[in-house]
>>> print(open('final-v1.txt').read())   # compact mmCIF, N, CA and C atoms and all ligand atoms
# COMPACT_ATOMS: atom_id res chain seq x y z
N MET W 1 -7.64 220.08 148.83
CA MET W 1 -7.80 221.19 149.78
C MET W 1 -6.51 222.00 149.85
N TYR W 2 -6.63 223.19 150.44
CA TYR W 2 -5.49 224.09 150.52
C TYR W 2 -5.24 224.54 151.96
N CYS W 3 -4.00 224.76 152.28
CA CYS W 3 -3.64 225.27 153.60
C CYS W 3 -4.25 226.66 153.79
N PHE W 4 -4.98 226.84 154.91
CA PHE W 4 -5.63 228.14 155.14
C PHE W 4 -4.63 229.19 155.61
N ASN W 5 -3.42 228.75 155.95
CA ASN W 5 -2.41 229.69 156.43
C ASN W 5 -1.55 230.24 155.29
N CYS W 6 -1.01 229.32 154.45
CA CYS W 6 -0.08 229.76 153.41
C CYS W 6 -0.61 229.50 151.99
N GLY W 7 -1.72 228.71 151.87
CA GLY W 7 -2.30 228.48 150.56
C GLY W 7 -1.67 227.34 149.78
N GLU W 8 -0.79 226.60 150.41
CA GLU W 8 -0.15 225.45 149.75
C GLU W 8 -1.18 224.38 149.42
N ARG W 9 -1.07 223.78 148.22
CA ARG W 9 -1.94 222.68 147.82
C ARG W 9 -1.59 221.45 148.66
N LEU W 10 -2.63 220.82 149.28
CA LEU W 10 -2.39 219.68 150.17
C LEU W 10 -3.05 218.43 149.62
N ASP W 11 -2.42 217.28 149.87
CA ASP W 11 -3.01 215.99 149.49
C ASP W 11 -4.15 215.65 150.44
N GLU W 12 -5.08 214.79 149.97
CA GLU W 12 -6.18 214.33 150.81
C GLU W 12 -5.65 213.58 152.03
N GLY W 13 -6.25 213.82 153.18
CA GLY W 13 -5.87 213.09 154.39
C GLY W 13 -4.67 213.65 155.11
N VAL W 14 -4.05 214.70 154.57
CA VAL W 14 -2.90 215.31 155.22
C VAL W 14 -3.37 216.11 156.44
N THR W 15 -2.71 215.92 157.57
CA THR W 15 -3.12 216.61 158.79
C THR W 15 -2.30 217.88 159.03
N ARG W 16 -1.15 217.98 158.36
CA ARG W 16 -0.26 219.11 158.61
C ARG W 16 0.33 219.61 157.30
N CYS W 17 0.35 220.91 157.12
CA CYS W 17 0.90 221.50 155.91
C CYS W 17 2.41 221.26 155.85
N PRO W 18 2.92 220.66 154.75
CA PRO W 18 4.36 220.38 154.65
C PRO W 18 5.20 221.64 154.47
N LYS W 19 4.56 222.74 154.07
CA LYS W 19 5.31 223.97 153.80
C LYS W 19 5.49 224.82 155.05
N CYS W 20 4.37 225.07 155.76
CA CYS W 20 4.44 225.97 156.90
C CYS W 20 4.21 225.26 158.23
N GLY W 21 3.76 223.99 158.21
CA GLY W 21 3.63 223.22 159.45
C GLY W 21 2.31 223.42 160.19
N THR W 22 1.36 224.16 159.59
CA THR W 22 0.07 224.38 160.24
C THR W 22 -0.77 223.11 160.19
N TYR W 23 -1.41 222.79 161.32
CA TYR W 23 -2.34 221.65 161.34
C TYR W 23 -3.63 222.07 160.64
N VAL W 24 -4.06 221.25 159.69
CA VAL W 24 -5.16 221.70 158.82
C VAL W 24 -6.41 220.84 158.86
N SER W 25 -6.32 219.55 159.16
CA SER W 25 -7.44 218.68 158.88
C SER W 25 -8.39 218.43 160.05
N SER W 26 -8.05 218.90 161.26
CA SER W 26 -8.81 218.50 162.44
C SER W 26 -10.28 218.85 162.32
N ASN W 27 -10.61 220.08 161.88
CA ASN W 27 -12.02 220.45 161.76
C ASN W 27 -12.35 220.87 160.33
N ASN W 28 -11.65 220.30 159.39
CA ASN W 28 -11.87 220.64 157.99
C ASN W 28 -11.83 219.35 157.17
N LYS W 29 -12.80 218.46 157.44
CA LYS W 29 -12.76 217.14 156.83
C LYS W 29 -14.12 216.82 156.21
N ASP W 30 -14.10 216.01 155.17
CA ASP W 30 -15.32 215.60 154.49
C ASP W 30 -15.91 214.37 155.17
N TYR W 31 -16.99 214.59 155.94
CA TYR W 31 -17.64 213.49 156.66
C TYR W 31 -18.90 213.01 155.95
N SER W 32 -19.08 213.39 154.67
CA SER W 32 -20.35 213.14 154.00
C SER W 32 -20.68 211.65 153.93
N VAL W 33 -19.70 210.79 153.62
CA VAL W 33 -19.98 209.36 153.47
C VAL W 33 -20.32 208.75 154.83
N ILE W 34 -19.55 209.11 155.85
CA ILE W 34 -19.80 208.59 157.21
C ILE W 34 -21.19 209.03 157.68
N LEU W 35 -21.50 210.31 157.48
CA LEU W 35 -22.81 210.83 157.89
C LEU W 35 -23.94 210.14 157.13
N GLY W 36 -23.70 209.88 155.84
CA GLY W 36 -24.72 209.23 155.02
C GLY W 36 -25.02 207.82 155.50
N VAL W 37 -23.98 207.04 155.76
CA VAL W 37 -24.16 205.67 156.25
C VAL W 37 -24.86 205.70 157.61
N PHE W 38 -24.41 206.60 158.46
CA PHE W 38 -25.01 206.79 159.78
C PHE W 38 -26.50 207.14 159.65
N ALA W 39 -26.81 208.02 158.71
CA ALA W 39 -28.19 208.45 158.49
C ALA W 39 -29.07 207.30 158.00
N ILE W 40 -28.51 206.44 157.13
CA ILE W 40 -29.27 205.29 156.63
C ILE W 40 -29.60 204.34 157.78
N LEU W 41 -28.60 204.06 158.63
CA LEU W 41 -28.82 203.17 159.77
C LEU W 41 -29.85 203.76 160.72
N LEU W 42 -29.74 205.06 160.98
CA LEU W 42 -30.69 205.73 161.87
C LEU W 42 -32.07 205.83 161.24
N GLY W 43 -32.09 205.96 159.92
CA GLY W 43 -33.35 206.13 159.20
C GLY W 43 -34.30 204.97 159.42
N ILE W 44 -33.75 203.79 159.67
CA ILE W 44 -34.56 202.61 159.92
C ILE W 44 -35.32 202.77 161.24
N LEU W 45 -34.75 203.52 162.18
CA LEU W 45 -35.36 203.69 163.50
C LEU W 45 -35.98 205.07 163.69
N LEU W 46 -35.23 206.10 163.32
CA LEU W 46 -35.64 207.47 163.65
C LEU W 46 -35.49 208.38 162.43
N ALA W 47 -36.58 208.58 161.74
CA ALA W 47 -36.56 209.38 160.51
C ALA W 47 -36.04 210.80 160.71
N PRO W 48 -36.46 211.55 161.75
CA PRO W 48 -35.98 212.93 161.88
C PRO W 48 -34.48 213.03 162.02
N ILE W 49 -33.86 212.08 162.75
CA ILE W 49 -32.40 212.11 162.91
C ILE W 49 -31.73 211.75 161.59
N ALA W 50 -32.35 210.84 160.84
CA ALA W 50 -31.82 210.49 159.52
C ALA W 50 -31.82 211.70 158.60
N TRP W 51 -32.90 212.49 158.64
CA TRP W 51 -32.97 213.71 157.82
C TRP W 51 -31.88 214.69 158.24
N PHE W 52 -31.75 214.85 159.56
CA PHE W 52 -30.76 215.77 160.12
C PHE W 52 -29.34 215.40 159.65
N CYS W 53 -28.97 214.12 159.84
CA CYS W 53 -27.65 213.65 159.42
C CYS W 53 -27.51 213.72 157.90
N GLY W 54 -28.58 213.38 157.20
CA GLY W 54 -28.55 213.39 155.75
C GLY W 54 -28.31 214.78 155.19
N PHE W 55 -28.95 215.79 155.79
CA PHE W 55 -28.77 217.16 155.30
C PHE W 55 -27.37 217.67 155.61
N ILE W 56 -26.86 217.35 156.79
CA ILE W 56 -25.48 217.75 157.12
C ILE W 56 -24.51 217.04 156.18
N GLY W 57 -24.76 215.74 155.97
CA GLY W 57 -23.91 214.97 155.05
C GLY W 57 -23.94 215.54 153.65
N LEU W 58 -25.12 215.98 153.21
CA LEU W 58 -25.25 216.56 151.86
C LEU W 58 -24.47 217.86 151.74
N THR W 59 -24.51 218.69 152.77
CA THR W 59 -23.76 219.95 152.72
C THR W 59 -22.26 219.65 152.64
N HIS W 60 -21.81 218.61 153.37
CA HIS W 60 -20.41 218.20 153.27
C HIS W 60 -20.10 217.71 151.86
N ALA W 61 -21.00 216.86 151.33
CA ALA W 61 -20.78 216.26 150.01
C ALA W 61 -20.67 217.33 148.93
N TYR W 62 -21.53 218.38 149.02
CA TYR W 62 -21.49 219.44 148.02
C TYR W 62 -20.27 220.34 148.22
N LYS W 63 -19.91 220.56 149.48
CA LYS W 63 -18.75 221.40 149.79
C LYS W 63 -17.48 220.78 149.21
N TYR W 64 -17.35 219.44 149.33
CA TYR W 64 -16.15 218.75 148.87
C TYR W 64 -16.36 218.07 147.52
N ASN W 65 -17.54 218.29 146.92
CA ASN W 65 -17.87 217.71 145.61
C ASN W 65 -17.67 216.20 145.62
N ASN W 66 -18.24 215.55 146.64
CA ASN W 66 -18.09 214.11 146.84
C ASN W 66 -19.32 213.41 146.28
N THR W 67 -19.18 212.76 145.10
CA THR W 67 -20.31 212.12 144.43
C THR W 67 -20.89 210.99 145.27
N LEU W 68 -20.02 210.15 145.83
CA LEU W 68 -20.46 209.04 146.67
C LEU W 68 -21.23 209.57 147.88
N GLY W 69 -20.72 210.64 148.48
CA GLY W 69 -21.39 211.27 149.62
C GLY W 69 -22.77 211.76 149.25
N LYS W 70 -22.91 212.38 148.07
CA LYS W 70 -24.21 212.87 147.61
C LYS W 70 -25.19 211.71 147.47
N ILE W 71 -24.75 210.62 146.79
CA ILE W 71 -25.63 209.47 146.54
C ILE W 71 -26.08 208.86 147.87
N ILE W 72 -25.14 208.61 148.77
CA ILE W 72 -25.45 207.96 150.05
C ILE W 72 -26.41 208.82 150.86
N ASN W 73 -26.20 210.14 150.87
CA ASN W 73 -27.06 211.00 151.68
C ASN W 73 -28.44 211.17 151.05
N TYR W 74 -28.54 211.15 149.71
CA TYR W 74 -29.87 211.17 149.09
C TYR W 74 -30.63 209.89 149.41
N ILE W 75 -29.92 208.75 149.41
CA ILE W 75 -30.53 207.47 149.80
C ILE W 75 -31.01 207.56 151.25
N ALA W 76 -30.17 208.15 152.11
CA ALA W 76 -30.52 208.28 153.52
C ALA W 76 -31.79 209.11 153.69
N LEU W 77 -31.89 210.23 152.98
CA LEU W 77 -33.09 211.08 153.06
C LEU W 77 -34.30 210.33 152.53
N PHE W 78 -34.11 209.55 151.47
CA PHE W 78 -35.20 208.77 150.89
C PHE W 78 -35.69 207.72 151.88
N ILE W 79 -34.75 206.97 152.47
CA ILE W 79 -35.10 205.93 153.44
C ILE W 79 -35.79 206.56 154.66
N GLY W 80 -35.24 207.69 155.12
CA GLY W 80 -35.86 208.37 156.25
C GLY W 80 -37.30 208.75 155.96
N THR W 81 -37.55 209.24 154.75
CA THR W 81 -38.91 209.62 154.34
C THR W 81 -39.82 208.40 154.26
N MET W 82 -39.30 207.31 153.65
CA MET W 82 -40.09 206.08 153.51
C MET W 82 -40.47 205.51 154.87
N VAL W 83 -39.49 205.47 155.79
CA VAL W 83 -39.75 204.94 157.13
C VAL W 83 -40.78 205.80 157.86
N PHE W 84 -40.65 207.13 157.68
CA PHE W 84 -41.60 208.05 158.32
C PHE W 84 -43.01 207.80 157.79
N LEU W 85 -43.15 207.66 156.48
CA LEU W 85 -44.47 207.38 155.88
C LEU W 85 -44.99 206.02 156.35
N PHE W 86 -44.09 205.05 156.46
CA PHE W 86 -44.45 203.71 156.93
C PHE W 86 -45.04 203.79 158.35
N TYR W 87 -44.38 204.56 159.23
CA TYR W 87 -44.86 204.72 160.60
C TYR W 87 -46.22 205.42 160.62
N ILE W 88 -46.39 206.43 159.75
CA ILE W 88 -47.66 207.15 159.67
C ILE W 88 -48.78 206.17 159.30
N ILE W 89 -48.52 205.30 158.32
CA ILE W 89 -49.52 204.32 157.87
C ILE W 89 -49.85 203.34 158.99
N ILE W 90 -48.80 202.84 159.66
CA ILE W 90 -49.00 201.89 160.78
C ILE W 90 -49.82 202.56 161.88
N LEU W 91 -49.43 203.78 162.23
CA LEU W 91 -50.13 204.48 163.32
C LEU W 91 -51.58 204.76 162.95
N SER W 92 -51.82 205.18 161.73
CA SER W 92 -53.18 205.51 161.31
C SER W 92 -54.05 204.26 161.23
N SER W 93 -53.47 203.12 160.82
CA SER W 93 -54.25 201.88 160.70
C SER W 93 -54.59 201.32 162.07
N THR W 94 -53.63 201.36 163.02
CA THR W 94 -53.91 200.88 164.38
C THR W 94 -54.89 201.81 165.07
N GLY W 95 -54.78 203.13 164.76
CA GLY W 95 -55.69 204.10 165.37
C GLY W 95 -57.12 203.88 164.95
N SER W 96 -57.34 203.50 163.71
CA SER W 96 -58.70 203.28 163.21
C SER W 96 -59.31 202.02 163.77
N CYS W 97 -58.45 201.03 164.13
CA CYS W 97 -58.94 199.77 164.69
C CYS W 97 -59.39 199.96 166.13
N ALA W 98 -58.71 200.85 166.87
CA ALA W 98 -58.96 200.98 168.30
C ALA W 98 -60.25 201.75 168.61
ZN ZN W 101 0.76 226.03 154.96
>>> encode(input="final-v1.txt", output="structure tokens", more="lines below")
Ligand SMILES: [Zn+2]
Amino acid sequence: MYCFNCGERLDEGVTRCPKCGTYVSSNNKDYSVILGVFAILLGILLAPIAWFCGFIGLTHAYKYNNTLGKIINYIALFIGTMVFLFYIIILSSTGSCA
């Protein structure tokens, strides 16, 4: 990443530009992996939230070109979809019995 103030090349995880002293990382961070793991955990319970987190995670992953983030968030979207379909099947089968 680069300092938005002076354009200096910055190392990953740096919070402050060594050249001009501007704080850079507070709202400019790659959360794709964290969002992806979060989405997978949520996907087991709540598919719509898993999709929501997964899509945000994917945009982060593509923005920062994070391969691990892409994989994790695609898995999250897949699990969210599977769980949603699973609930649909459960609901439809119990509905037909009642
Ligand atoms: Zn700078």
>>> select_by_dssp(input="final-v1.txt", residues="chain W", states="strand (DSSP E or B)", output="PyMOL selection string")
chain W and resi 2+9+16+23
>>> residues_near_ligand(input="final-v1.txt", ligand="ligand ZN 101 (chain W)", cutoff="6.5 Å", atoms="only N, CA and C atoms and all ligand atoms", output="compact mmCIF listing (two decimals) with N, CA and C atoms, keeping the file's coordinate frame")
# COMPACT_ATOMS: atom_id res chain seq x y z
N CYS W 3 -4.00 224.76 152.28
CA CYS W 3 -3.64 225.27 153.60
C CYS W 3 -4.25 226.66 153.79
N PHE W 4 -4.98 226.84 154.91
CA PHE W 4 -5.63 228.14 155.14
C PHE W 4 -4.63 229.19 155.61
N ASN W 5 -3.42 228.75 155.95
CA ASN W 5 -2.41 229.69 156.43
C ASN W 5 -1.55 230.24 155.29
N CYS W 6 -1.01 229.32 154.45
CA CYS W 6 -0.08 229.76 153.41
C CYS W 6 -0.61 229.50 151.99
N GLY W 7 -1.72 228.71 151.87
CA GLY W 7 -2.30 228.48 150.56
C GLY W 7 -1.67 227.34 149.78
N GLU W 8 -0.79 226.60 150.41
CA GLU W 8 -0.15 225.45 149.75
C GLU W 8 -1.18 224.38 149.42
N CYS W 17 0.35 220.91 157.12
CA CYS W 17 0.90 221.50 155.91
C CYS W 17 2.41 221.26 155.85
N PRO W 18 2.92 220.66 154.75
CA PRO W 18 4.36 220.38 154.65
C PRO W 18 5.20 221.64 154.47
N LYS W 19 4.56 222.74 154.07
CA LYS W 19 5.31 223.97 153.80
C LYS W 19 5.49 224.82 155.05
N CYS W 20 4.37 225.07 155.76
CA CYS W 20 4.44 225.97 156.90
C CYS W 20 4.21 225.26 158.23
N GLY W 21 3.76 223.99 158.21
CA GLY W 21 3.63 223.22 159.45
C GLY W 21 2.31 223.42 160.19
N THR W 22 1.36 224.16 159.59
CA THR W 22 0.07 224.38 160.24
C THR W 22 -0.77 223.11 160.19
>>> residues_around(input="final-v1.txt", residues="Tyr62 (chain W)", least_positions_apart="6", cutoff="10 Å", atoms="only C-alpha atoms", output="ChimeraX atom specification")
/W:30,32,69-70
>>> atom_distance(input="final-v1.txt", atom1="CA of Ala47 (chain W)", atom2="atom C of Phe86 (chain W)")
10.4 Å
>>> residues_near_point(input="final-v1.txt", point="(-22.9, 209.9, 157.2)", cutoff="6.5 Å", atoms="all atoms listed in the file", output="mmCIF file with N, CA and C atoms, in the frame of the given file")
data_model
loop_
_atom_site.group_PDB
_atom_site.id
_atom_site.type_symbol
_atom_site.label_atom_id
_atom_site.label_comp_id
_atom_site.auth_asym_id
_atom_site.auth_seq_id
_atom_site.Cartn_x
_atom_site.Cartn_y
_atom_site.Cartn_z
ATOM 1 N N TYR W 31 -16.990 214.590 155.940
ATOM 2 C CA TYR W 31 -17.640 213.490 156.660
ATOM 3 C C TYR W 31 -18.900 213.010 155.950
ATOM 4 N N SER W 32 -19.080 213.390 154.670
ATOM 5 C CA SER W 32 -20.350 213.140 154.000
ATOM 6 C C SER W 32 -20.680 211.650 153.930
ATOM 7 N N VAL W 33 -19.700 210.790 153.620
ATOM 8 C CA VAL W 33 -19.980 209.360 153.470
ATOM 9 C C VAL W 33 -20.320 208.750 154.830
ATOM 10 N N ILE W 34 -19.550 209.110 155.850
ATOM 11 C CA ILE W 34 -19.800 208.590 157.210
ATOM 12 C C ILE W 34 -21.190 209.030 157.680
ATOM 13 N N LEU W 35 -21.500 210.310 157.480
ATOM 14 C CA LEU W 35 -22.810 210.830 157.890
ATOM 15 C C LEU W 35 -23.940 210.140 157.130
ATOM 16 N N GLY W 36 -23.700 209.880 155.840
ATOM 17 C CA GLY W 36 -24.720 209.230 155.020
ATOM 18 C C GLY W 36 -25.020 207.820 155.500
ATOM 19 N N VAL W 37 -23.980 207.040 155.760
ATOM 20 C CA VAL W 37 -24.160 205.670 156.250
ATOM 21 C C VAL W 37 -24.860 205.700 157.610
ATOM 22 N N PHE W 38 -24.410 206.600 158.460
ATOM 23 C CA PHE W 38 -25.010 206.790 159.780
ATOM 24 C C PHE W 38 -26.500 207.140 159.650
ATOM 25 N N ALA W 39 -26.810 208.020 158.710
ATOM 26 C CA ALA W 39 -28.190 208.450 158.490
ATOM 27 C C ALA W 39 -29.070 207.300 158.000
ATOM 28 N N CYS W 53 -28.970 214.120 159.840
ATOM 29 C CA CYS W 53 -27.650 213.650 159.420
ATOM 30 C C CYS W 53 -27.510 213.720 157.900
ATOM 31 N N GLY W 57 -24.760 215.740 155.970
ATOM 32 C CA GLY W 57 -23.910 214.970 155.050
ATOM 33 C C GLY W 57 -23.940 215.540 153.650
#
>>> residues_near_point(input="final-v1.txt", point="(-36.4, 207.1, 151.6)", cutoff="10 Å", atoms="only C-alpha atoms", output="PDB file with N, CA and C atoms, in the frame of the given file")
ATOM      1  N   ILE W  40     -28.510 206.440 157.130  1.00  0.00           N
ATOM      2  CA  ILE W  40     -29.270 205.290 156.630  1.00  0.00           C
ATOM      3  C   ILE W  40     -29.600 204.340 157.780  1.00  0.00           C
ATOM      4  N   GLY W  43     -32.090 205.960 159.920  1.00  0.00           N
ATOM      5  CA  GLY W  43     -33.350 206.130 159.200  1.00  0.00           C
ATOM      6  C   GLY W  43     -34.300 204.970 159.420  1.00  0.00           C
ATOM      7  N   ILE W  44     -33.750 203.790 159.670  1.00  0.00           N
ATOM      8  CA  ILE W  44     -34.560 202.610 159.920  1.00  0.00           C
ATOM      9  C   ILE W  44     -35.320 202.770 161.240  1.00  0.00           C
ATOM     10  N   ALA W  47     -36.580 208.580 161.740  1.00  0.00           N
ATOM     11  CA  ALA W  47     -36.560 209.380 160.510  1.00  0.00           C
ATOM     12  C   ALA W  47     -36.040 210.800 160.710  1.00  0.00           C
ATOM     13  N   ALA W  50     -32.350 210.840 160.840  1.00  0.00           N
ATOM     14  CA  ALA W  50     -31.820 210.490 159.520  1.00  0.00           C
ATOM     15  C   ALA W  50     -31.820 211.700 158.600  1.00  0.00           C
ATOM     16  N   TRP W  51     -32.900 212.490 158.640  1.00  0.00           N
ATOM     17  CA  TRP W  51     -32.970 213.710 157.820  1.00  0.00           C
ATOM     18  C   TRP W  51     -31.880 214.690 158.240  1.00  0.00           C
ATOM     19  N   TYR W  74     -28.540 211.150 149.710  1.00  0.00           N
ATOM     20  CA  TYR W  74     -29.870 211.170 149.090  1.00  0.00           C
ATOM     21  C   TYR W  74     -30.630 209.890 149.410  1.00  0.00           C
ATOM     22  N   ILE W  75     -29.920 208.750 149.410  1.00  0.00           N
ATOM     23  CA  ILE W  75     -30.530 207.470 149.800  1.00  0.00           C
ATOM     24  C   ILE W  75     -31.010 207.560 151.250  1.00  0.00           C
ATOM     25  N   ALA W  76     -30.170 208.150 152.110  1.00  0.00           N
ATOM     26  CA  ALA W  76     -30.520 208.280 153.520  1.00  0.00           C
ATOM     27  C   ALA W  76     -31.790 209.110 153.690  1.00  0.00           C
ATOM     28  N   LEU W  77     -31.890 210.230 152.980  1.00  0.00           N
ATOM     29  CA  LEU W  77     -33.090 211.080 153.060  1.00  0.00           C
ATOM     30  C   LEU W  77     -34.300 210.330 152.530  1.00  0.00           C
ATOM     31  N   PHE W  78     -34.110 209.550 151.470  1.00  0.00           N
ATOM     32  CA  PHE W  78     -35.200 208.770 150.890  1.00  0.00           C
ATOM     33  C   PHE W  78     -35.690 207.720 151.880  1.00  0.00           C
ATOM     34  N   ILE W  79     -34.750 206.970 152.470  1.00  0.00           N
ATOM     35  CA  ILE W  79     -35.100 205.930 153.440  1.00  0.00           C
ATOM     36  C   ILE W  79     -35.790 206.560 154.660  1.00  0.00           C
ATOM     37  N   GLY W  80     -35.240 207.690 155.120  1.00  0.00           N
ATOM     38  CA  GLY W  80     -35.860 208.370 156.250  1.00  0.00           C
ATOM     39  C   GLY W  80     -37.300 208.750 155.960  1.00  0.00           C
ATOM     40  N   THR W  81     -37.550 209.240 154.750  1.00  0.00           N
ATOM     41  CA  THR W  81     -38.910 209.620 154.340  1.00  0.00           C
ATOM     42  C   THR W  81     -39.820 208.400 154.260  1.00  0.00           C
ATOM     43  N   MET W  82     -39.300 207.310 153.650  1.00  0.00           N
ATOM     44  CA  MET W  82     -40.090 206.080 153.510  1.00  0.00           C
ATOM     45  C   MET W  82     -40.470 205.510 154.870  1.00  0.00           C
ATOM     46  N   VAL W  83     -39.490 205.470 155.790  1.00  0.00           N
ATOM     47  CA  VAL W  83     -39.750 204.940 157.130  1.00  0.00           C
ATOM     48  C   VAL W  83     -40.780 205.800 157.860  1.00  0.00           C
ATOM     49  N   PHE W  84     -40.650 207.130 157.680  1.00  0.00           N
ATOM     50  CA  PHE W  84     -41.600 208.050 158.320  1.00  0.00           C
ATOM     51  C   PHE W  84     -43.010 207.800 157.790  1.00  0.00           C
ATOM     52  N   LEU W  85     -43.150 207.660 156.480  1.00  0.00           N
ATOM     53  CA  LEU W  85     -44.470 207.380 155.880  1.00  0.00           C
ATOM     54  C   LEU W  85     -44.990 206.020 156.350  1.00  0.00           C
TER      55      LEU W  85
END
>>> atom_distance(input="final-v1.txt", atom1="atom N of Gly54 (chain W)", atom2="atom N of Tyr87 (chain W)")
18.2 Å
>>> atom_distance(input="final-v1.txt", atom1="atom N of Leu45 (chain W)", atom2="CA of Ile71 (chain W)")
19.1 Å
>>> select_by_dssp(input="final-v1.txt", residues="chain W", states="alpha helix (DSSP H)", output="ChimeraX atom specification")
/W:32-43,47-63,67-97
